[in-house]
>>> print(open('coords_0.txt').read())   # compact mmCIF, C-alpha atoms
# COMPACT_ATOMS: atom_id res chain seq x y z
CA MET A 1 123.02 100.03 184.46
CA GLN A 2 119.34 99.10 184.11
CA LYS A 3 119.98 98.24 180.47
CA GLU A 4 122.94 95.96 181.27
CA LEU A 5 120.81 93.92 183.63
CA LYS A 6 118.30 93.03 180.96
CA VAL A 7 120.73 90.22 180.31
CA SER A 8 121.82 88.85 183.66
CA ALA A 9 125.25 89.81 184.92
CA ILE A 10 128.11 87.33 184.86
CA LYS A 11 130.89 87.06 187.41
CA ASN A 12 133.69 86.27 184.95
CA GLY A 13 133.70 86.08 181.19
CA THR A 14 132.95 88.13 178.10
CA ALA A 15 130.00 90.31 177.18
CA ILE A 16 129.62 91.08 173.49
CA ASP A 17 127.58 94.23 172.98
CA HIS A 18 126.37 96.25 169.97
CA ILE A 19 125.58 93.25 167.83
CA PRO A 20 122.89 94.05 165.21
CA SER A 21 119.81 92.11 166.36
CA ASN A 22 119.48 90.34 163.04
CA ALA A 23 123.07 89.08 163.32
CA LEU A 24 122.76 87.54 166.78
CA PHE A 25 122.41 83.95 165.67
CA LYS A 26 125.12 84.36 163.05
CA VAL A 27 127.50 85.55 165.77
CA ILE A 28 126.55 82.52 167.88
CA GLN A 29 127.25 80.32 164.88
CA ILE A 30 130.59 81.94 163.97
CA LEU A 31 131.87 81.63 167.54
CA GLY A 32 130.59 78.06 167.78
CA LEU A 33 128.64 78.93 170.92
CA GLU A 34 125.88 76.47 170.18
CA LYS A 35 128.35 73.72 171.10
CA SER A 36 129.79 75.54 174.09
CA GLU A 37 129.45 74.18 177.61
CA HIS A 38 129.81 77.60 179.21
CA GLN A 39 126.79 79.42 180.61
CA ILE A 40 125.53 81.75 177.92
CA THR A 41 122.79 84.35 178.12
CA PHE A 42 121.69 86.48 175.25
CA GLY A 43 119.03 88.97 174.32
CA MET A 44 117.99 90.84 171.25
CA ASN A 45 115.94 93.87 170.15
CA PHE A 46 117.22 96.08 172.98
CA GLU A 47 116.99 99.79 172.32
CA SER A 48 120.18 101.40 171.11
CA LYS A 49 120.60 105.11 170.38
CA ARG A 50 123.24 104.43 167.76
CA MET A 51 121.94 101.25 166.17
CA GLY A 52 118.16 101.43 166.63
CA ASN A 53 118.18 98.04 168.25
CA LYS A 54 120.90 95.64 169.24
CA ALA A 55 121.67 92.25 170.72
CA ILE A 56 123.95 91.24 173.58
CA ILE A 57 125.62 87.93 174.41
CA LYS A 58 127.25 87.11 177.73
CA ILE A 59 129.47 84.07 178.02
CA ALA A 60 130.56 83.03 181.49
CA ASP A 61 134.17 81.98 182.08
CA ARG A 62 135.13 82.34 178.47
CA TYR A 63 137.66 84.75 176.94
CA PHE A 64 138.47 85.09 173.26
CA LYS A 65 141.70 85.63 171.37
CA ASP A 66 141.66 88.62 169.00
CA ASP A 67 141.74 86.57 165.80
CA GLU A 68 138.92 84.41 167.13
CA ILE A 69 136.63 87.30 168.02
CA ASN A 70 137.50 89.38 164.95
CA ARG A 71 135.71 86.78 162.83
CA ILE A 72 132.37 88.21 163.93
CA THR A 73 133.11 91.51 162.20
CA LEU A 74 131.64 89.98 159.05
CA VAL A 75 128.18 90.31 160.59
CA ALA A 76 128.74 92.61 163.56
CA PRO A 77 131.34 95.18 162.49
CA ASN A 78 130.66 97.54 165.43
CA ALA A 79 130.55 94.94 168.20
CA LYS A 80 132.18 95.83 171.51
CA LEU A 81 133.64 93.43 174.02
CA ASN A 82 133.60 93.82 177.77
CA ILE A 83 136.02 91.55 179.59
CA ILE A 84 134.57 90.86 183.02
CA ARG A 85 136.26 89.68 186.21
CA ASP A 86 134.47 89.66 189.55
CA TYR A 87 131.45 91.47 188.05
CA GLU A 88 133.73 94.36 186.98
CA VAL A 89 134.51 95.34 183.40
CA ILE A 90 138.30 95.23 183.45
CA GLU A 91 138.84 95.82 179.73
CA LYS A 92 136.84 97.08 176.76
CA LYS A 93 137.71 96.09 173.22
CA VAL A 94 136.33 96.79 169.78
CA VAL A 95 136.42 94.17 167.07
CA GLU A 96 138.63 94.82 164.06
CA VAL A 97 137.94 93.65 160.54
CA PRO A 98 140.82 91.34 159.56
CA ASP A 99 142.58 91.66 156.16
CA PHE A 100 141.94 88.06 155.25
CA ILE A 101 139.14 85.68 156.26
CA GLU A 102 139.32 81.90 156.08
CA GLY A 103 136.60 79.31 156.41
CA ILE A 104 133.72 81.35 157.87
CA ALA A 105 131.86 82.70 154.86
CA LYS A 106 130.68 80.91 151.77
CA CYS A 107 131.40 82.32 148.31
CA ILE A 108 128.16 83.54 146.70
CA ASN A 109 129.29 82.26 143.31
CA PRO A 110 127.84 78.75 142.81
CA LYS A 111 130.46 78.14 140.10
CA CYS A 112 133.34 78.90 142.48
CA VAL A 113 135.80 76.08 143.11
CA SER A 114 135.41 76.64 146.87
CA ASN A 115 131.77 75.53 146.56
CA ILE A 116 132.60 72.53 144.41
CA GLU A 117 135.82 70.96 145.70
CA ASN A 118 136.33 70.17 149.36
CA ILE A 119 138.37 73.26 150.28
CA LYS A 120 138.31 76.02 152.86
CA SER A 121 136.91 79.31 151.57
CA LYS A 122 139.31 82.27 151.63
CA PHE A 123 138.54 85.95 151.16
CA LYS A 124 140.51 89.14 150.93
CA VAL A 125 138.75 91.99 152.76
CA ILE A 126 138.71 94.82 150.21
CA ALA A 127 136.63 97.32 152.23
CA LYS A 128 136.36 97.48 155.99
CA ASP A 129 133.83 100.25 156.69
CA LYS A 130 131.11 98.37 154.86
CA VAL A 131 132.68 94.93 154.82
CA THR A 132 133.30 93.79 151.26
CA LEU A 133 134.96 90.48 150.48
CA GLN A 134 136.74 89.25 147.38
CA CYS A 135 136.96 85.50 146.95
CA HIS A 136 140.58 84.36 146.84
CA TYR A 137 139.66 81.75 144.22
CA CYS A 138 137.01 83.07 141.82
CA GLU A 139 137.62 86.78 142.66
CA ARG A 140 133.88 87.45 142.94
CA ILE A 141 133.09 90.41 145.16
CA THR A 142 130.50 90.08 147.93
CA ASN A 143 128.95 93.05 149.70
CA GLN A 144 128.12 92.96 153.38
CA GLU A 145 124.40 92.35 152.86
CA ASN A 146 125.11 89.27 150.71
CA ILE A 147 127.64 87.54 152.96
CA ILE A 148 126.62 83.93 153.63
CA ILE A 149 127.98 82.33 156.79
CA LYS A 150 128.90 78.66 156.40
CA ASN A 151 126.93 76.10 158.39
CA MET B 1 157.87 79.65 141.69
CA LYS B 2 155.67 82.03 139.74
CA SER B 3 152.24 81.14 138.42
CA LEU B 4 150.04 83.35 136.28
CA VAL B 5 146.44 82.90 137.39
CA SER B 6 145.10 86.43 137.40
CA ILE B 7 146.39 89.51 135.60
CA THR B 8 146.84 91.11 139.02
CA ASP B 9 149.54 88.50 139.78
CA PHE B 10 151.82 90.52 137.50
CA SER B 11 153.11 93.93 138.57
CA LYS B 12 153.41 96.76 136.08
CA ASP B 13 157.11 95.91 135.66
CA GLU B 14 156.35 92.24 135.05
CA ILE B 15 153.75 93.18 132.44
CA LEU B 16 156.26 95.40 130.66
CA LYS B 17 158.97 92.74 130.85
CA THR B 18 156.59 90.15 129.36
CA LEU B 19 155.67 92.48 126.51
CA ASP B 20 159.36 93.15 125.77
CA LEU B 21 160.02 89.41 125.73
CA ALA B 22 157.07 88.90 123.36
CA SER B 23 158.63 91.41 121.01
CA GLU B 24 161.92 89.51 121.19
CA PHE B 25 160.11 86.28 120.27
CA GLU B 26 158.31 87.97 117.40
CA ASN B 27 161.69 88.89 115.93
CA ASN B 28 163.10 85.43 116.56
CA PRO B 29 160.24 82.96 117.00
CA ASN B 30 162.13 79.65 116.95
CA GLN B 31 164.34 79.21 119.99
CA ASN B 32 165.32 76.05 121.81
CA ILE B 33 164.74 77.42 125.31
CA LEU B 34 162.39 74.62 126.43
CA ASN B 35 164.69 71.81 125.35
CA ASN B 36 164.01 68.75 127.60
CA LYS B 37 160.99 70.42 129.18
CA VAL B 38 157.54 68.83 129.21
CA VAL B 39 154.52 71.11 129.32
CA ALA B 40 151.07 69.82 130.29
CA SER B 41 148.31 71.48 128.31
CA ILE B 42 145.12 70.46 130.09
CA PHE B 43 141.87 71.82 128.72
CA PHE B 44 138.80 70.74 130.65
CA GLU B 45 136.62 72.76 128.29
CA PRO B 46 136.83 73.55 124.58
CA SER B 47 139.17 76.13 123.09
CA THR B 48 140.61 76.76 119.65
CA ARG B 49 142.87 79.80 119.70
CA THR B 50 144.10 79.62 123.26
CA ARG B 51 145.04 75.95 123.25
CA LEU B 52 146.60 75.97 119.80
CA SER B 53 148.55 79.17 120.39
CA PHE B 54 149.90 77.90 123.72
CA GLU B 55 150.88 74.60 122.14
CA THR B 56 152.42 76.41 119.16
CA ALA B 57 154.36 78.55 121.62
CA VAL B 58 155.74 75.47 123.42
CA ASN B 59 156.66 73.81 120.13
CA ARG B 60 158.41 76.92 118.82
CA LEU B 61 160.40 77.01 122.05
CA GLY B 62 161.52 73.40 121.54
CA GLY B 63 159.47 71.90 124.38
CA ARG B 64 157.19 68.89 124.34
CA VAL B 65 153.47 68.92 125.06
CA ILE B 66 151.34 66.36 126.89
CA GLY B 67 147.70 66.85 127.82
CA PHE B 68 144.12 66.65 126.73
CA SER B 69 141.55 68.88 125.12
CA ASP B 70 138.50 67.08 126.41
CA SER B 71 138.26 65.92 130.01
CA ALA B 72 135.74 63.22 128.99
CA ASN B 73 138.75 61.04 128.07
CA THR B 74 140.37 61.41 131.50
CA SER B 75 139.83 60.11 135.03
CA VAL B 76 137.84 63.29 135.73
CA SER B 77 134.94 61.44 134.09
CA LYS B 78 135.40 58.72 136.75
CA GLY B 79 134.95 61.31 139.47
CA GLU B 80 138.61 62.14 140.21
CA THR B 81 138.94 65.40 142.14
CA LEU B 82 140.72 68.40 140.67
CA LYS B 83 143.24 68.11 143.50
CA ASP B 84 144.24 64.58 142.57
CA THR B 85 144.33 65.34 138.83
CA ILE B 86 146.59 68.35 139.33
CA SER B 87 148.89 66.65 141.86
CA MET B 88 149.46 63.81 139.44
CA ILE B 89 150.04 65.98 136.36
CA ALA B 90 152.44 68.19 138.32
CA ASN B 91 154.57 65.07 138.82
CA TYR B 92 154.85 64.55 135.07
CA ALA B 93 155.37 68.04 133.69
CA ASP B 94 157.53 71.13 134.26
CA LEU B 95 154.62 73.51 133.68
CA ILE B 96 150.83 73.26 133.61
CA ILE B 97 148.68 75.31 131.25
CA MET B 98 145.05 74.80 132.15
CA ARG B 99 141.56 75.86 131.20
CA HIS B 100 138.64 74.89 133.40
CA HIS B 101 134.97 75.85 133.52
CA ILE B 102 135.03 76.12 137.34
CA GLU B 103 135.89 79.65 138.49
CA GLY B 104 138.92 79.73 140.77
CA ALA B 105 140.08 76.30 139.56
CA ALA B 106 143.40 77.70 138.34
CA ARG B 107 144.15 79.47 141.64
CA TYR B 108 143.38 76.26 143.50
CA ALA B 109 145.57 74.29 141.09
CA SER B 110 148.44 76.74 141.63
CA GLU B 111 148.23 76.03 145.37
CA ILE B 112 148.36 72.27 144.85
CA SER B 113 150.88 72.07 142.03
CA ARG B 114 154.62 71.91 142.62
CA VAL B 115 155.21 73.37 139.13
CA PRO B 116 153.97 76.75 137.82
CA VAL B 117 150.41 77.01 136.54
CA ILE B 118 149.29 79.31 133.73
CA ASN B 119 145.57 79.99 133.70
CA ALA B 120 144.21 79.68 130.17
CA GLY B 121 140.73 80.69 131.35
CA ASP B 122 138.65 79.71 134.40
CA GLY B 123 134.98 80.13 133.55
CA ALA B 124 133.89 83.77 133.61
CA ASN B 125 136.78 84.76 135.87
CA GLN B 126 140.27 85.30 134.43
CA HIS B 127 142.14 84.81 131.18
CA PRO B 128 145.42 86.66 131.79
CA SER B 129 147.30 85.56 128.66
CA GLN B 130 144.51 87.16 126.59
CA THR B 131 145.02 90.41 128.49
CA LEU B 132 148.76 90.36 127.88
CA LEU B 133 148.32 89.69 124.17
CA ASP B 134 145.78 92.51 124.02
CA MET B 135 148.33 94.80 125.64
CA TYR B 136 151.05 93.60 123.31
CA SER B 137 148.77 94.43 120.37
CA ILE B 138 148.02 97.87 121.83
CA LYS B 139 151.69 98.64 122.42
CA LYS B 140 152.69 97.39 118.99
CA THR B 141 150.08 99.41 117.12
CA GLN B 142 150.22 102.60 119.20
CA GLY B 143 153.93 102.59 120.05
CA LYS B 144 153.08 103.12 123.73
CA LEU B 145 150.70 102.12 126.48
CA GLU B 146 150.45 105.43 128.33
CA ASN B 147 147.67 108.02 127.96
CA LEU B 148 145.52 106.15 125.43
CA THR B 149 141.74 106.19 125.06
CA ILE B 150 140.18 102.74 124.88
CA ALA B 151 136.55 102.27 123.88
CA MET B 152 135.22 98.94 125.16
CA VAL B 153 132.12 97.78 123.34
CA GLY B 154 129.51 95.08 123.90
CA ASP B 155 129.21 92.79 126.87
CA LEU B 156 130.97 94.72 129.60
CA LYS B 157 129.06 92.96 132.37
CA TYR B 158 130.07 89.34 131.85
CA GLY B 159 133.09 89.75 129.55
CA ARG B 160 136.19 88.67 131.47
CA THR B 161 138.55 90.09 128.83
CA VAL B 162 137.34 93.67 129.34
CA HIS B 163 137.57 93.40 133.13
CA SER B 164 141.14 92.11 133.06
CA LEU B 165 142.20 94.61 130.38
CA LEU B 166 140.76 97.44 132.46
CA MET B 167 142.73 96.29 135.52
CA ALA B 168 145.98 95.94 133.59
CA MET B 169 145.65 99.17 131.59
CA SER B 170 144.90 101.09 134.78
CA HIS B 171 148.70 101.19 135.31
CA PHE B 172 149.02 103.40 132.22
CA ASN B 173 146.72 106.39 132.73
CA THR B 174 144.15 105.09 130.29
CA THR B 175 140.85 106.89 129.57
CA PHE B 176 138.01 104.42 129.13
CA LYS B 177 134.76 104.69 127.20
CA PHE B 178 132.26 102.00 128.06
CA ILE B 179 129.72 101.36 125.30
CA ALA B 180 127.12 98.80 126.31
CA PRO B 181 123.35 98.30 126.46
CA ALA B 182 121.80 98.97 129.88
CA GLU B 183 121.69 95.24 130.64
CA LEU B 184 125.40 94.71 130.05
CA GLN B 185 127.10 97.74 131.61
CA MET B 186 130.49 97.66 133.30
CA PRO B 187 129.98 96.40 136.90
CA VAL B 188 130.16 99.02 139.61
CA GLU B 189 133.20 97.48 141.33
CA TYR B 190 135.34 98.21 138.27
CA LYS B 191 134.07 101.79 138.08
CA ASN B 192 134.83 102.18 141.78
CA TYR B 193 138.33 100.87 141.12
CA LEU B 194 138.88 103.53 138.42
CA ASN B 195 137.41 106.22 140.67
CA LYS B 196 139.85 105.25 143.40
CA LEU B 197 142.76 105.63 140.98
CA GLY B 198 141.39 108.90 139.60
CA LEU B 199 141.17 107.52 136.06
CA LYS B 200 138.65 108.95 133.61
CA TYR B 201 135.80 106.96 132.11
CA SER B 202 132.46 107.62 130.47
CA GLU B 203 129.47 105.41 129.74
CA HIS B 204 127.41 105.32 126.54
CA THR B 205 124.78 103.20 124.88
CA GLU B 206 125.32 104.38 121.26
CA LEU B 207 128.26 103.00 119.29
CA SER B 208 128.58 105.28 116.25
CA ASP B 209 128.77 108.64 118.07
CA ASN B 210 131.26 107.61 120.68
CA ILE B 211 134.28 106.08 119.00
CA ASP B 212 135.79 109.03 117.14
CA ASP B 213 138.36 109.93 119.80
CA ALA B 214 139.41 106.35 120.63
CA ASP B 215 142.89 104.95 119.99
CA ILE B 216 141.69 101.39 120.54
CA LEU B 217 138.25 100.02 119.81
CA TYR B 218 137.91 96.84 121.84
CA MET B 219 134.89 94.91 120.53
CA THR B 220 133.42 91.95 122.38
CA ARG B 221 130.86 89.29 121.63
CA VAL B 222 127.66 89.11 123.63
CA GLN B 223 128.15 85.61 125.05
CA ARG B 224 125.04 83.51 124.88
CA GLU B 225 126.41 81.04 127.45
CA ARG B 226 126.43 83.75 130.16
CA PHE B 227 122.65 84.36 129.95
CA SER B 228 120.21 82.30 131.98
CA ASP B 229 117.30 83.98 130.16
CA LEU B 230 117.64 83.48 126.39
CA LEU B 231 115.00 86.15 125.70
CA GLU B 232 117.35 88.68 127.31
CA TYR B 233 120.13 87.43 125.04
CA GLU B 234 117.97 87.79 121.91
CA LYS B 235 117.27 91.42 122.86
CA VAL B 236 120.91 92.45 122.97
CA LYS B 237 122.82 90.03 120.73
CA ASN B 238 122.86 92.24 117.63
CA ILE B 239 122.82 95.58 119.34
CA TYR B 240 126.19 96.74 117.98
CA ILE B 241 127.52 96.01 114.54
CA LEU B 242 130.70 97.87 113.63
CA THR B 243 130.80 98.91 109.97
CA ASN B 244 133.37 100.59 107.69
CA GLU B 245 131.17 103.68 107.60
CA MET B 246 131.43 104.08 111.37
CA LEU B 247 135.21 103.87 111.14
CA GLU B 248 135.48 106.72 108.59
CA LYS B 249 135.51 109.51 111.17
CA THR B 250 137.72 107.69 113.67
CA LYS B 251 141.36 108.61 114.35
CA PRO B 252 143.91 107.42 111.76
CA ASN B 253 145.80 105.43 114.41
CA VAL B 254 142.75 103.60 115.78
CA LYS B 255 142.87 99.81 115.74
CA VAL B 256 139.93 97.46 116.17
CA LEU B 257 140.68 94.60 118.56
CA HIS B 258 138.49 91.62 119.40
CA PRO B 259 139.36 88.61 121.57
CA LEU B 260 137.47 86.39 119.04
CA PRO B 261 135.42 84.42 118.22
CA ARG B 262 133.37 87.08 116.48
CA VAL B 263 129.72 86.50 115.72
CA SER B 264 127.97 89.53 114.21
CA GLU B 265 129.46 92.48 116.10
CA ILE B 266 131.96 93.37 113.37
CA ASP B 267 130.71 93.46 109.77
CA ILE B 268 132.89 91.15 107.66
CA ASN B 269 133.66 94.04 105.27
CA VAL B 270 135.66 95.61 108.10
CA ASP B 271 138.14 92.72 107.91
CA ASP B 272 139.95 94.39 104.98
CA ASN B 273 139.98 97.83 106.60
CA PRO B 274 143.55 98.79 107.68
CA LYS B 275 142.06 99.71 111.06
CA ALA B 276 141.03 96.07 111.66
CA TYR B 277 143.64 94.28 113.73
CA TYR B 278 141.89 91.28 115.32
CA PHE B 279 143.49 88.56 113.21
CA THR B 280 147.01 89.92 113.76
CA GLN B 281 146.06 90.23 117.42
CA SER B 282 145.49 86.47 117.58
CA LEU B 283 148.90 85.87 115.97
CA ASN B 284 150.42 88.07 118.67
CA GLY B 285 149.01 85.52 121.11
CA VAL B 286 151.74 83.05 120.18
CA TYR B 287 154.58 85.50 120.93
CA THR B 288 152.95 86.69 124.13
CA ARG B 289 152.42 83.12 125.32
CA MET B 290 156.06 82.26 124.51
CA ALA B 291 157.00 85.20 126.73
CA ILE B 292 154.69 84.12 129.57
CA ILE B 293 155.94 80.51 129.50
CA THR B 294 159.62 81.46 129.61
CA TYR B 295 159.00 84.09 132.27
CA VAL B 296 157.12 81.83 134.72
CA LEU B 297 159.72 79.11 134.24
CA GLY B 298 162.43 81.63 135.07
CA LEU B 299 164.18 80.97 131.75
CA LYS B 300 164.18 84.61 130.59
>>> encode(input="coords_0.txt", output="structure tokens")
Amino acid sequence: MQKELKVSAIKNGTAIDHIPSNALFKVIQILGLEKSEHQITFGMNFESKRMGNKAIIKIADRYFKDDEINRITLVAPNAKLNIIRDYEVIEKKVVEVPDFIEGIAKCINPKCVSNIENIKSKFKVIAKDKVTLQCHYCERITNQENIIIKN
Amino acid sequence: MKSLVSITDFSKDEILKTLDLASEFENNPNQNILNNKVVASIFFEPSTRTRLSFETAVNRLGGRVIGFSDSANTSVSKGETLKDTISMIANYADLIIMRHHIEGAARYASEISRVPVINAGDGANQHPSQTLLDMYSIKKTQGKLENLTIAMVGDLKYGRTVHSLLMAMSHFNTTFKFIAPAELQMPVEYKNYLNKLGLKYSEHTELSDNIDDADILYMTRVQRERFSDLLEYEKVKNIYILTNEMLEKTKPNVKVLHPLPRVSEIDINVDDNPKAYYFTQSLNGVYTRMAIITYVLGLK
């Protein structure tokens, strides 16, 4: 309980836990939280037995659809969601890597048409344990450590 | 509507059907199947064999060809987007055959176009008609596609033809031998793909000791245009030169294939060796492309 309170409790909303600390700002970016008007608290470099260290984000009065939240699996494949109502966790969810990803990541191939013409990037997810993407257009394969999130 | 952008767009059955059709066209190369059809042959970057063999294929099928072989003479030079160029050409023609230096351009075009698109090469990515003509050549010379040993030699890192051939031949229980200098080895994702399928492969750096058990010797050129460091290119460009002497101990059925153009990797004296097949292979390109065109148009 002590650990939870390092990031202040919210009455209603979503807490996203088990985010790798170095992916915190990418998660914020993917979910568009920097433009959000909801109250958001976050912290990073908390101790985690499983991950070494982790980050947490709490968003008041905001709930996510599965396909919206699953987008963060690109950078936080083991993230866990706590859905909170009246300070109680009423549901726990894990994120799932989708089969296909559109518009979030950037192809690492500078010669790819998705980096040259004005089009949405598309990737097939070819491995889910260690997320590996294959560009729908140029077919270049990107490993998890090389994934670039679009600005 | 069926486009052919990547070799993986064709199932094993579709590959076999295309090869059967190619054989039919080889026996009877002049057919009026494309009567009243207009085919756009749009080459945004240079090509000799691919463009001419596609255009020969259309002509032998009785179709008409429009297009260009140099985008400098088109509105692309005025800054027109690929989207607009393709949308417009799709209004004129029944089929688009395109080559583009941008990787993924053909896939994108196939999503925009209202007529089928055949990819005649998109940068370092895919060149599926080359793969099908390679397979046609393999089937024709070996009488089968199953259970063969293919030695791939040269630039296995950047060479799109070897990557696509590996993917397509993986349907047929092929054993692969990868012969390449350390700098140009087969990328790990392709080896992982073979591992997943349980197919056998081995890796070597010497050419002469490792080709004796091969049924197909697939030679490739070390492509200067793929190197950002020309010193690296100079180090490896002449690393393998196939000679008649090296072919002496090879199997009697072995055939030497090469997607061409050749630079120095096959000694010119090999050209007269009955095991050399690369010039016939390029002729097979016409029949294979006739098959691809009629198949994607749903005419066969």
>>> interface_residues(input="coords_0.txt", of="chain A", to="chain B", cutoff="12 Å", atoms="only C-alpha atoms", output="VMD selection string")
chain A and resid 107 to 122 126 to 127 132 to 143
>>> closest_residue(input="coords_0.txt", among="B:Tyr233, B:Phe54, B:Tyr295, B:Tyr218", to="Ser137 in chain B", atoms="only C-alpha atoms")
B:Tyr218
>>> atom_distance(input="coords_0.txt", atom1="CA of Val162 in chain B", atom2="CA of Asn59 in chain B")
29.2 Å
>>> residues_around(input="coords_0.txt", residues="Ile84 in chain A", least_positions_apart="2", cutoff="6 Å", atoms="only C-alpha atoms", output="list in words")
Asn12, Gly13, Thr14, Tyr87, Glu88, Val89 and Ile90 of chain A
>>> atom_distance(input="coords_0.txt", atom1="CA of Leu184 in chain B", atom2="CA of Leu156 in chain B")
5.6 Å
>>> residues_around(input="coords_0.txt", residues="Leu297 in chain B", least_positions_apart="4", cutoff="9 Å", atoms="only C-alpha atoms", output="short mmCIF file (atom, residue, chain, number, x, y, z; two decimals) with C-alpha atoms, keeping the file's coordinate frame")
data_model
loop_
_atom_site.label_atom_id
_atom_site.label_comp_id
_atom_site.auth_asym_id
_atom_site.auth_seq_id
_atom_site.Cartn_x
_atom_site.Cartn_y
_atom_site.Cartn_z
CA MET B 1 157.87 79.65 141.69
CA LYS B 2 155.67 82.03 139.74
CA SER B 3 152.24 81.14 138.42
CA ASP B 94 157.53 71.13 134.26
CA LEU B 95 154.62 73.51 133.68
CA VAL B 115 155.21 73.37 139.13
CA PRO B 116 153.97 76.75 137.82
CA ILE B 292 154.69 84.12 129.57
CA ILE B 293 155.94 80.51 129.50
#
>>> closest_residue(input="coords_0.txt", among="B:Leu247, B:Met290, B:Ala93, B:Gly154", to="Asn36 in chain B", atoms="only C-alpha atoms")
B:Ala93
